[in-house]
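Visitor: Mind looking over this structure? Questions follow.
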Amino acid sequence: MSILQVDAVKKIYTTRFGGNQVQALSNISFEAEEGEYIAIMGESGSGKTTLLNILAALDKPTSGSVRLDGKELSKIKESEIAVFRRDNLGFVFQEFNLLDTFSLEDNIYLPLVLSGKTPAEMKKRLQPIAEQLGISDILKKYPYEVSGGQKQRAAVARALITKPRLILADEPTGALDSKSTDELLRLFSEINRNGQTIIMVTHSVKAASHAGRVLFIKDGEVYHQIYRGSCTENELYQKISDTLTILATGGEQI
Amino acid sequence: MKNGIYRKLAWTGITKNSKLYIPYILTCAGSVMMCYIISFLSVSPTFASVKGGETVQSFLQMGFSVMAVFSLIFLFYTNSFLIRRRKKEFGLYNILGLGKKHLAKVMLIETLIIAGITVSGGLFFGILLSKFAELFMVEILNGNITYTFSVDISSAVKTLVLFLVIFLLLFLNTMRQIHLTNPIQLLNSEHTGEKPPKANWIAAILGTVILAAAYYMAVTIDNPVAAISFFFLAVVMVIVATYLLFIAGSVTLCRILQKNKRYYYKTNHFVSVSSMVYRMKRNGAGLASICILCTMVLVMVSSTVCLYIGAEDSLRNRYPRNINLDVLVNESEFFSDEQTVQAKQLINEVVEENNSEQKSVLEYRTLAFAGMLNGNKIDLDPEAYNTSINMSDIYQVFIVSVSDYNRLMNKNETVSSQEAILYVTKDVEYINSTIQIGECDALKVIKQVDDFADNGVDSMQIFPTMYLFVSDIDTIFQPLKPYAEKNGGEGLLSLHWYYGFDLSCNDETQINIQDQISEKIDLMKQNMGENSLFHFSIEGVAKERADFYGIYAGLFFLGIFLGSVFIFAAVLIIYYKQVSEGYEDESRFEIMQKLGMTKKEIKKSINSQILTVFFLPLLTAGVHLAFAFPLISKILLILGLKNTPLLILTTAACYMVFAVLYMIIYRLTSKSYLTIVSSMKSDI
C-alpha cells in the first residue's frame, strides 16, 4: 500500500532582494510504499533538502501535492501542522539536534511530552526502543557527555518513540565516524525490517547502499532510480557509484 | 587609503552590532551627562546662594565620586559583554589575515568613535539639562528661581578627563582580551559546552535559613536603637541570602520540580523548567545583583522621598511650636513662678509689638536626665552604666507633674506620691510594674499612656524617651540633687521650664520675634545678676527651616538621582542578559520547532521564562522591601519622622512607579529577545 505520494512537486524561491526566482524543484513525483526504505541522492544544490523540507511539512510546494496516508499536507491548517508533524513524522538530523539542556532520556521524551503522554506510558515506550538501540545505560547522561554515535542513536530513539508513519533522515551519517556510521546503518536496516518506513537524504554511497530503493535527483527532477531487488549491499554500492559517475560526467540517461 | 579600511571596519563593527552598541552608547552618554550635572550642581554659585544650598552641595560632591566609581564599574561590565559577543568576529578577521596589531588599530578607532560620540553627546545634554536640574533643586529648596544659563568649564573638563581615562582603560582591557586568545578560540568562544548545573542543597538551605532569620529579626525588633545597629547586619544577611538563593536555591528548586515527574512532564513545564536550570545557573548572580540594586533603589528613594515630603512634620516634631523657649536651671527655686511670670510678660510684649498673637501655648516644667534602665531601676550615674553599654537600654527621662499632664492633655488623672503614670516613645514598651529612679523609692506604674505634648528632644535622639507623670517633681528631685551638682552645676540632671507657642505671621516676622525674645530674656538674666543660675535656649521653626530643607532636599535629590542611575544600570544589565540569552536560545527553539512544537507553545514557553527571569528580582525586591519596612520606619522615627501612613504611601508609590518603569523596559527588551529568537524561519 502506498503511504506517501509525491505528485509533480515544484518549488520556486524568490530571493529577498531583486525578486530573482530560483527554481529548486522543477517536477518531482514518486511514491513510497508502506515499509519501504528509500534513499534520495543528489549533488549539493540538486534540491534534496528542499524536497525533504516539503516532505516534512516544514515548507510548502509552489505547485503539486504531497499526500501522507492520502492526506494532502498543504491542506492541513497552520495551527495543526506542528501537531501533525509530531504525530506522523520522525526526524533524524545530521547535527543530531539534541537539546543540550535535557538529558538523553528527556530529549527522547520531548515529542511525547508535547503530545501530553503520562510519565508511565513514556517509560513503557522508551524501554524496548532504548534496548534495541543500545542506549539504556546512558539515558541519564547529557548530550555533551556522550559520543556522536550515541547522540545519533538517542536522536533515532526520539524519532521512533512517537511510532511515526514515516521517518525522515537528513544526512544521518554525515557527522559520524565510520564505525558509528556502520552501526547506525545496521540499526536503520533493522528498524526497517520491523516495518518502519524510512526516507533518507544522503550524500554517502555507503548509506544509500543499505536502502531498498535509491532515487537520484538532478536539477530538481527525479533523474533516475535503482531498486535493490536481490542485490547485496556491495552490488548496490557498485550500481550507485556507476550511476553517480554518469550523473557527474553528464552521460545520457540509462 | 590604508587607514581607510580600518576606519571602515571600525564603523561597520559598530553599525552591524547596533543592537549591542546603541544601549552601550546610551549608557556611556548617560553616565557622562549625569557626572557633568552632579559636578555642575556641586559648584553652581546660583545654587550655593539658595538657603540650604551649601548643605546639598556637600552631599553632591560625594555624589560625584559615587557616580565616577559607578560609571567605571558599569562601563566595564557592558564593555566586557560587547567584547564577548564580538570575539567571533575578531577571530574571523584574524584568520583572514588581520594581525593583532591591526585588530588593535580597528578597536582603537572604534573606541575613539564611541568616546567622541558619547562624551560630546553626554556633555551636550548634560549642559542642556543642568539648568533644569538646578531649577528643580532650587524649587525643592524653596528658593528663588533665576533663569540665567551658565556652563561650568571646570566641571566639563573634570568629566571629560574622567571619561577619557575610563575609555583608555576599556581599550586596554579589550587589547588584553584580544591578546590572550588565539583565532580558533576566538572563533569558537561562543560555543563552549556547559555541564548541567547540580543542585547545591547546602547553599540553598543556608540561603533560606539566613533569609528567614533576617526577616524574623526585622519584623520582631522594636527598639529603634537596636534597629540601627541591626540594620547593617540585616542588609548583609539579606544580600548573602539573596545571592545564595538566586544561585543555588533556584537551581535546587528546578531540580526538585524535575524530580516530580507528574509536574515536570507537562508541555508547559518541560521546556521551561529544564532551560530555567541553565538560565539560573548563568544568571543567578546577575539577577541577585539586580534584585539587590532594586531593593537599594527602593529603600533609598522611598525613604528620602518620605523624609522630604514629611519634612514639615519632622520640623514640627523637632520644633513643636513656632517659637520654643527652654529654660534650664539646677535649683528648684526657679519653680517659684516669679521668673516665669516675668518671662511670659516679656514674651507677650514682644509678640504684641509685632502685631501677632500667641496660639496653642505649650507650657510645662520637667525634670530631665538620661539613664540606663536596669530591670525596673534607672541608673543615672554614667560610671554605673558606661561599663556595660547596651545602647538599647538607655532612655531619656522626663519627669512631669501630673497636673501639667492633665492640663495639657485634657485629662483628669490622679497620682499618689508612690505612684506614676508612664509613657515611652518610639513604640517601646515598658514591662515592669514598678519603676525606681536612682536612689528614690520605687514608684508603682499605675498606667501607661501613649501620648504627651512633644518637646522636640525625642526627635533629636536615637534613644526612646520615657515620661513619668508624678504627683510632685520636687519629691523626685531632692534625693537626686547630688547628680545635679556634679561637674560643677552642669549636672547629669536638670530642671526645665518649657514654653512654646505658635504664630500666624510670616517667617520673617517670626524670626524677628525670636531674636527680640532672645535679647529680652538675656537682659532679664543679666539683671538678675549673681542669682541667675539659669540657661536658656530659644529655637524657631522659621529660622531652622532652610537648613532642615537643605539636608532633606539634598538627600531627596541624591536619592532620586542615584536611584534613577541604578535603575538605568539594572535595566541595562537585564537588556544585555536578554540579548545574550536570545542568541543562545535561538538554536534551541529552532530544534524544538523542527520536532513539532507549535509556535504558540514556543511563544508561551519563552514568555514564561522571560517573565520569571525578569520579574523574579522585582518580586524579591518587593518582599525584601516589605520586610525591611519595620526597620526603615524605626530608623526614620529616629530621624524624627513619625508619619507611618506617609511612609507606607511613599514606599508603595515608589514600588508602583518602579514596577511600571520595569514593565515598560520589559516590553522593550523582550521584543528584542523575541526578534532574535524568532529569526528562526517565520513562515512555519
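Naming scheme: A, B, ... for chains in displayed order of the C-alpha cells; residues 1 onward per chain; ligands 1 onward as shown.
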Based on only C-alpha atoms, which of the residues in chain A come within 10 Å of chain B? I want them as a VMD selection string.
Guide: chain A and resid 53 56 to 60 78 to 87 89 to 93 96 to 103 106 109 to 120 122 141 to 145 158 to 159
Visitor: Taking N, CA and C atoms for each residue, export the selection above as a short mmCIF file (atom, residue, chain, number, x, y, z; two decimals), in the first residue's frame.
Guide:
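Okay, result-v7.cif is ready:
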data_model
loop_
_atom_site.label_atom_id
_atom_site.label_comp_id
_atom_site.auth_asym_id
_atom_site.auth_seq_id
_atom_site.Cartn_x
_atom_site.Cartn_y
_atom_site.Cartn_z
N ASN A 53 12.37 19.08 3.21
CA ASN A 53 11.60 20.08 3.96
C ASN A 53 10.13 20.05 3.56
N ALA A 56 8.56 17.09 5.05
CA ALA A 56 8.42 17.25 6.49
C ALA A 56 7.39 18.30 6.86
N ALA A 57 6.74 18.88 5.84
CA ALA A 57 5.75 19.94 6.06
C ALA A 57 6.37 21.17 6.69
N LEU A 58 7.69 21.28 6.57
CA LEU A 58 8.35 22.48 7.05
C LEU A 58 8.28 23.58 5.99
N ASP A 59 7.97 23.18 4.78
CA ASP A 59 7.94 24.10 3.65
C ASP A 59 6.80 23.68 2.74
N LYS A 60 6.28 24.62 1.96
CA LYS A 60 5.16 24.27 1.09
C LYS A 60 5.59 24.31 -0.37
N GLU A 78 -2.63 25.67 9.41
CA GLU A 78 -1.40 26.18 10.01
C GLU A 78 -1.26 25.76 11.48
N SER A 79 -2.39 25.84 12.19
CA SER A 79 -2.34 25.57 13.62
C SER A 79 -2.16 24.09 13.92
N GLU A 80 -2.52 23.24 12.94
CA GLU A 80 -2.46 21.80 13.22
C GLU A 80 -1.19 21.16 12.71
N ILE A 81 -0.43 21.94 11.95
CA ILE A 81 0.68 21.32 11.23
C ILE A 81 1.75 20.80 12.18
N ALA A 82 2.00 21.54 13.26
CA ALA A 82 3.03 21.10 14.20
C ALA A 82 2.60 19.79 14.85
N VAL A 83 1.32 19.72 15.20
CA VAL A 83 0.80 18.51 15.82
C VAL A 83 0.86 17.34 14.84
N PHE A 84 0.51 17.63 13.59
CA PHE A 84 0.56 16.60 12.56
C PHE A 84 1.98 16.04 12.42
N ARG A 85 2.93 16.96 12.37
CA ARG A 85 4.32 16.58 12.21
C ARG A 85 4.76 15.70 13.37
N ARG A 86 4.38 16.13 14.56
CA ARG A 86 4.77 15.44 15.79
C ARG A 86 4.22 14.01 15.81
N ASP A 87 2.98 13.86 15.34
CA ASP A 87 2.33 12.54 15.46
C ASP A 87 2.68 11.60 14.32
N LEU A 89 5.41 12.08 11.82
CA LEU A 89 6.76 12.07 11.26
C LEU A 89 7.81 11.99 12.35
N GLY A 90 8.89 11.22 12.03
CA GLY A 90 10.03 11.20 12.95
C GLY A 90 11.23 11.75 12.20
N PHE A 91 12.04 12.56 12.90
CA PHE A 91 13.17 13.18 12.21
C PHE A 91 14.51 12.74 12.78
N VAL A 92 15.47 12.50 11.86
CA VAL A 92 16.85 12.29 12.30
C VAL A 92 17.70 13.26 11.47
N PHE A 93 18.47 14.09 12.20
CA PHE A 93 19.23 15.14 11.50
C PHE A 93 20.73 14.83 11.51
N PHE A 96 22.27 15.97 14.73
CA PHE A 96 21.58 15.34 15.86
C PHE A 96 20.42 16.17 16.39
N ASN A 97 20.68 17.50 16.54
CA ASN A 97 19.65 18.39 17.08
C ASN A 97 19.09 17.92 18.42
N LEU A 98 20.00 17.49 19.27
CA LEU A 98 19.57 17.21 20.65
C LEU A 98 19.66 18.51 21.44
N LEU A 99 18.77 18.68 22.37
CA LEU A 99 18.81 19.89 23.20
C LEU A 99 19.80 19.67 24.34
N ASP A 100 20.76 20.58 24.45
CA ASP A 100 21.81 20.36 25.45
C ASP A 100 21.33 20.59 26.88
N THR A 101 20.10 21.12 27.01
CA THR A 101 19.62 21.33 28.37
C THR A 101 18.89 20.11 28.92
N PHE A 102 18.70 19.11 28.08
CA PHE A 102 17.99 17.91 28.51
C PHE A 102 18.94 16.73 28.59
N SER A 103 18.65 15.80 29.47
CA SER A 103 19.36 14.53 29.45
C SER A 103 18.86 13.77 28.21
N ASP A 106 15.27 12.77 28.54
CA ASP A 106 14.30 13.84 28.35
C ASP A 106 14.23 14.28 26.90
N TYR A 109 11.99 11.93 25.31
CA TYR A 109 10.61 12.14 25.77
C TYR A 109 9.95 13.36 25.13
N LEU A 110 10.77 14.31 24.70
CA LEU A 110 10.23 15.61 24.28
C LEU A 110 8.95 15.53 23.41
N PRO A 111 8.97 14.77 22.29
CA PRO A 111 7.74 14.74 21.48
C PRO A 111 6.55 14.16 22.23
N LEU A 112 6.81 13.17 23.11
CA LEU A 112 5.70 12.58 23.86
C LEU A 112 5.13 13.59 24.86
N VAL A 113 6.02 14.33 25.50
CA VAL A 113 5.57 15.34 26.45
C VAL A 113 4.70 16.35 25.73
N LEU A 114 5.15 16.71 24.51
CA LEU A 114 4.39 17.70 23.74
C LEU A 114 2.99 17.19 23.41
N SER A 115 2.87 15.86 23.22
CA SER A 115 1.52 15.38 22.93
C SER A 115 0.80 14.89 24.19
N GLY A 116 1.35 15.23 25.35
CA GLY A 116 0.61 15.05 26.59
C GLY A 116 0.51 13.63 27.11
N LYS A 117 1.53 12.80 26.87
CA LYS A 117 1.51 11.44 27.41
C LYS A 117 1.91 11.44 28.88
N THR A 118 1.47 10.39 29.60
CA THR A 118 1.82 10.31 31.03
C THR A 118 3.23 9.76 31.18
N PRO A 119 3.91 10.09 32.30
CA PRO A 119 5.26 9.60 32.54
C PRO A 119 5.33 8.07 32.45
N ALA A 120 4.31 7.39 32.96
CA ALA A 120 4.34 5.93 32.96
C ALA A 120 4.35 5.39 31.54
N MET A 122 5.31 6.95 28.83
CA MET A 122 6.55 7.30 28.15
C MET A 122 7.63 6.29 28.49
N LYS A 141 22.47 10.46 30.91
CA LYS A 141 23.58 11.36 30.57
C LYS A 141 23.09 12.53 29.74
N TYR A 142 23.96 13.57 29.71
CA TYR A 142 23.64 14.74 28.90
C TYR A 142 24.39 14.67 27.58
N PRO A 143 23.86 15.30 26.53
CA PRO A 143 24.46 15.20 25.21
C PRO A 143 25.97 15.47 25.21
N TYR A 144 26.41 16.45 26.02
CA TYR A 144 27.83 16.78 25.96
C TYR A 144 28.71 15.68 26.54
N GLU A 145 28.09 14.69 27.20
CA GLU A 145 28.87 13.63 27.85
C GLU A 145 29.05 12.39 26.97
N ARG A 158 14.39 9.15 19.67
CA ARG A 158 13.41 10.24 19.74
C ARG A 158 12.47 10.20 18.54
N ALA A 159 13.03 9.85 17.35
CA ALA A 159 12.20 9.78 16.16
C ALA A 159 11.23 8.60 16.22
#
Visitor: Run DSSP on the backbone and grab whatever in segment 207-369 of chain B lands in alpha helix (DSSP H); send it over as a PyMOL selection string.
Guide: chain B and resi 207-220+224-244+250-259+261-264+267-309+311-318+338-353
Visitor: Within 10 Å of segment 211-227 of chain A, counting only C-alpha atoms, which residues qualify if same-chain residues fewer than 2 places away don't, as a PyMOL selection string?
Guide: chain A and resi 8-11+23-30+32+35-48+50-51+185+188-189+192+198-201+205-209+229-231+233+236+239-240+243-244+247-248+253-254
Visitor: Leaving out segment 49-60 of chain B and any residue of its chain fewer than 4 positions from it, which residues lie within 12 Å of it when counting only C-alpha atoms, given as JSON, numbers by chain?
Guide: {"B": [34, 35, 36, 37, 38, 39, 40, 41, 42, 43, 44, 45, 64, 65, 66, 67, 134, 135, 137, 138, 139, 140, 141, 142, 143, 144, 145, 146, 543, 544, 545, 546, 547, 548, 549, 550, 551, 552, 553, 554, 555, 556, 557, 558, 559, 561, 562]}
Visitor: Got a sec to tell me which of segment 422-600 of chain B DSSP assigns to strand (DSSP E or B), as a PDB file with N, CA and C atoms, in the first residue's frame?
Guide:
ATOM      1  N   LEU B 422       3.130  56.406  83.124  1.00  0.00           N
ATOM      2  CA  LEU B 422       4.337  56.276  82.312  1.00  0.00           C
ATOM      3  C   LEU B 422       4.017  56.316  80.824  1.00  0.00           C
ATOM      4  N   TYR B 423       4.938  56.948  80.083  1.00  0.00           N
ATOM      5  CA  TYR B 423       4.765  56.982  78.622  1.00  0.00           C
ATOM      6  C   TYR B 423       6.146  56.837  77.991  1.00  0.00           C
ATOM      7  N   VAL B 424       6.299  55.846  77.121  1.00  0.00           N
ATOM      8  CA  VAL B 424       7.576  55.665  76.436  1.00  0.00           C
ATOM      9  C   VAL B 424       7.380  55.873  74.932  1.00  0.00           C
ATOM     10  N   THR B 434       6.711  48.353  88.453  1.00  0.00           N
ATOM     11  CA  THR B 434       7.200  49.457  89.278  1.00  0.00           C
ATOM     12  C   THR B 434       8.396  50.078  88.585  1.00  0.00           C
ATOM     13  N   ILE B 435       8.764  51.279  89.010  1.00  0.00           N
ATOM     14  CA  ILE B 435       9.961  51.905  88.470  1.00  0.00           C
ATOM     15  C   ILE B 435      10.685  52.684  89.562  1.00  0.00           C
ATOM     16  N   GLN B 436      12.001  52.512  89.580  1.00  0.00           N
ATOM     17  CA  GLN B 436      12.804  53.168  90.603  1.00  0.00           C
ATOM     18  C   GLN B 436      13.807  54.068  89.915  1.00  0.00           C
ATOM     19  N   ILE B 437      13.881  55.323  90.374  1.00  0.00           N
ATOM     20  CA  ILE B 437      14.829  56.242  89.751  1.00  0.00           C
ATOM     21  C   ILE B 437      15.961  56.502  90.708  1.00  0.00           C
ATOM     22  N   LEU B 443       8.386  53.614  92.401  1.00  0.00           N
ATOM     23  CA  LEU B 443       7.038  54.102  92.176  1.00  0.00           C
ATOM     24  C   LEU B 443       6.247  53.015  91.460  1.00  0.00           C
ATOM     25  N   LYS B 444       4.984  52.965  91.816  1.00  0.00           N
ATOM     26  CA  LYS B 444       4.143  51.971  91.168  1.00  0.00           C
ATOM     27  C   LYS B 444       3.608  52.548  89.848  1.00  0.00           C
ATOM     28  N   VAL B 445       3.786  51.813  88.770  1.00  0.00           N
ATOM     29  CA  VAL B 445       3.285  52.298  87.481  1.00  0.00           C
ATOM     30  C   VAL B 445       1.807  51.945  87.404  1.00  0.00           C
ATOM     31  N   ILE B 446       0.953  52.940  87.564  1.00  0.00           N
ATOM     32  CA  ILE B 446      -0.468  52.607  87.596  1.00  0.00           C
ATOM     33  C   ILE B 446      -1.085  52.602  86.210  1.00  0.00           C
ATOM     34  N   LYS B 447      -0.385  53.220  85.259  1.00  0.00           N
ATOM     35  CA  LYS B 447      -0.989  53.316  83.943  1.00  0.00           C
ATOM     36  C   LYS B 447       0.089  53.643  82.922  1.00  0.00           C
ATOM     37  N   GLN B 448      -0.072  53.114  81.720  1.00  0.00           N
ATOM     38  CA  GLN B 448       0.814  53.546  80.632  1.00  0.00           C
ATOM     39  C   GLN B 448      -0.039  54.254  79.615  1.00  0.00           C
ATOM     40  N   THR B 465      12.332  58.026  74.628  1.00  0.00           N
ATOM     41  CA  THR B 465      12.131  58.931  75.752  1.00  0.00           C
ATOM     42  C   THR B 465      11.077  58.346  76.676  1.00  0.00           C
ATOM     43  N   MET B 466      11.358  58.470  77.996  1.00  0.00           N
ATOM     44  CA  MET B 466      10.373  57.974  78.964  1.00  0.00           C
ATOM     45  C   MET B 466       9.830  59.165  79.742  1.00  0.00           C
ATOM     46  N   TYR B 467       8.534  59.320  79.713  1.00  0.00           N
ATOM     47  CA  TYR B 467       7.908  60.362  80.512  1.00  0.00           C
ATOM     48  C   TYR B 467       7.311  59.715  81.744  1.00  0.00           C
ATOM     49  N   LEU B 468       7.571  60.319  82.910  1.00  0.00           N
ATOM     50  CA  LEU B 468       6.934  59.847  84.137  1.00  0.00           C
ATOM     51  C   LEU B 468       6.096  60.986  84.682  1.00  0.00           C
ATOM     52  N   PHE B 469       4.826  60.726  84.825  1.00  0.00           N
ATOM     53  CA  PHE B 469       3.946  61.760  85.376  1.00  0.00           C
ATOM     54  C   PHE B 469       3.719  61.442  86.843  1.00  0.00           C
ATOM     55  N   VAL B 470       4.193  62.348  87.708  1.00  0.00           N
ATOM     56  CA  VAL B 470       4.160  62.089  89.162  1.00  0.00           C
ATOM     57  C   VAL B 470       3.416  63.225  89.862  1.00  0.00           C
ATOM     58  N   LEU B 493      21.521  65.979  85.606  1.00  0.00           N
ATOM     59  CA  LEU B 493      20.089  66.165  85.509  1.00  0.00           C
ATOM     60  C   LEU B 493      19.753  67.621  85.680  1.00  0.00           C
ATOM     61  N   SER B 494      18.686  68.046  85.082  1.00  0.00           N
ATOM     62  CA  SER B 494      18.385  69.468  85.086  1.00  0.00           C
ATOM     63  C   SER B 494      16.882  69.673  85.123  1.00  0.00           C
ATOM     64  N   LEU B 495      16.526  70.818  85.649  1.00  0.00           N
ATOM     65  CA  LEU B 495      15.112  71.192  85.693  1.00  0.00           C
ATOM     66  C   LEU B 495      14.841  72.144  84.546  1.00  0.00           C
ATOM     67  N   HIS B 496      13.735  71.911  83.866  1.00  0.00           N
ATOM     68  CA  HIS B 496      13.422  72.765  82.713  1.00  0.00           C
ATOM     69  C   HIS B 496      12.083  73.445  82.909  1.00  0.00           C
ATOM     70  N   TRP B 497      12.055  74.663  82.423  1.00  0.00           N
ATOM     71  CA  TRP B 497      10.754  75.287  82.228  1.00  0.00           C
ATOM     72  C   TRP B 497      10.614  75.458  80.730  1.00  0.00           C
ATOM     73  N   TYR B 498       9.592  74.873  80.218  1.00  0.00           N
ATOM     74  CA  TYR B 498       9.433  74.837  78.782  1.00  0.00           C
ATOM     75  C   TYR B 498       8.245  75.700  78.381  1.00  0.00           C
ATOM     76  N   TYR B 499       8.483  76.586  77.414  1.00  0.00           N
ATOM     77  CA  TYR B 499       7.401  77.464  76.987  1.00  0.00           C
ATOM     78  C   TYR B 499       7.439  77.592  75.465  1.00  0.00           C
ATOM     79  N   GLY B 500       6.375  77.154  74.818  1.00  0.00           N
ATOM     80  CA  GLY B 500       6.347  77.247  73.355  1.00  0.00           C
ATOM     81  C   GLY B 500       5.007  77.756  72.881  1.00  0.00           C
ATOM     82  N   PHE B 501       4.994  78.378  71.702  1.00  0.00           N
ATOM     83  CA  PHE B 501       3.723  78.856  71.166  1.00  0.00           C
ATOM     84  C   PHE B 501       3.819  78.980  69.651  1.00  0.00           C
ATOM     85  N   ASP B 502       2.684  78.971  69.014  1.00  0.00           N
ATOM     86  CA  ASP B 502       2.637  79.139  67.564  1.00  0.00           C
ATOM     87  C   ASP B 502       2.342  80.573  67.205  1.00  0.00           C
ATOM     88  N   PHE B 534      20.361  80.286  85.681  1.00  0.00           N
ATOM     89  CA  PHE B 534      19.662  79.574  84.607  1.00  0.00           C
ATOM     90  C   PHE B 534      20.291  79.817  83.235  1.00  0.00           C
ATOM     91  N   HIS B 535      20.084  78.842  82.398  1.00  0.00           N
ATOM     92  CA  HIS B 535      20.473  78.953  80.985  1.00  0.00           C
ATOM     93  C   HIS B 535      19.209  78.886  80.176  1.00  0.00           C
ATOM     94  N   PHE B 536      19.260  79.438  78.979  1.00  0.00           N
ATOM     95  CA  PHE B 536      18.063  79.283  78.183  1.00  0.00           C
ATOM     96  C   PHE B 536      18.432  79.109  76.707  1.00  0.00           C
ATOM     97  N   SER B 537      17.521  78.512  75.995  1.00  0.00           N
ATOM     98  CA  SER B 537      17.707  78.421  74.543  1.00  0.00           C
ATOM     99  C   SER B 537      16.371  78.698  73.899  1.00  0.00           C
ATOM    100  N   ILE B 538      16.437  79.364  72.782  1.00  0.00           N
ATOM    101  CA  ILE B 538      15.196  79.646  72.067  1.00  0.00           C
ATOM    102  C   ILE B 538      15.371  79.227  70.615  1.00  0.00           C
ATOM    103  N   GLU B 539      14.423  78.460  70.164  1.00  0.00           N
ATOM    104  CA  GLU B 539      14.502  77.958  68.788  1.00  0.00           C
ATOM    105  C   GLU B 539      13.211  78.249  68.059  1.00  0.00           C
ATOM    106  N   GLY B 540      13.315  78.488  66.766  1.00  0.00           N
ATOM    107  CA  GLY B 540      12.111  78.756  65.984  1.00  0.00           C
ATOM    108  C   GLY B 540      12.120  77.986  64.691  1.00  0.00           C
TER     109      GLY B 540
END
Visitor: For atom CA of Asp170 of chain A and atom CA of Gln132 of chain A, determine how far apart the two atoms are, in Å to one decimal place.
Guide: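 Atom-to-atom, atom CA of Asp170 of chain A and atom CA of Gln132 of chain A are spaced 21.5 Å apart.
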Visitor: For a test of reading the model, state the distance in Å between atom CA of Phe167 of chain B and atom CA of Cys294 of chain B, rounded to one decimal.
Guide: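 Atom-to-atom, atom CA of Phe167 of chain B to atom CA of Cys294 of chain B, that is 27.3 Å.
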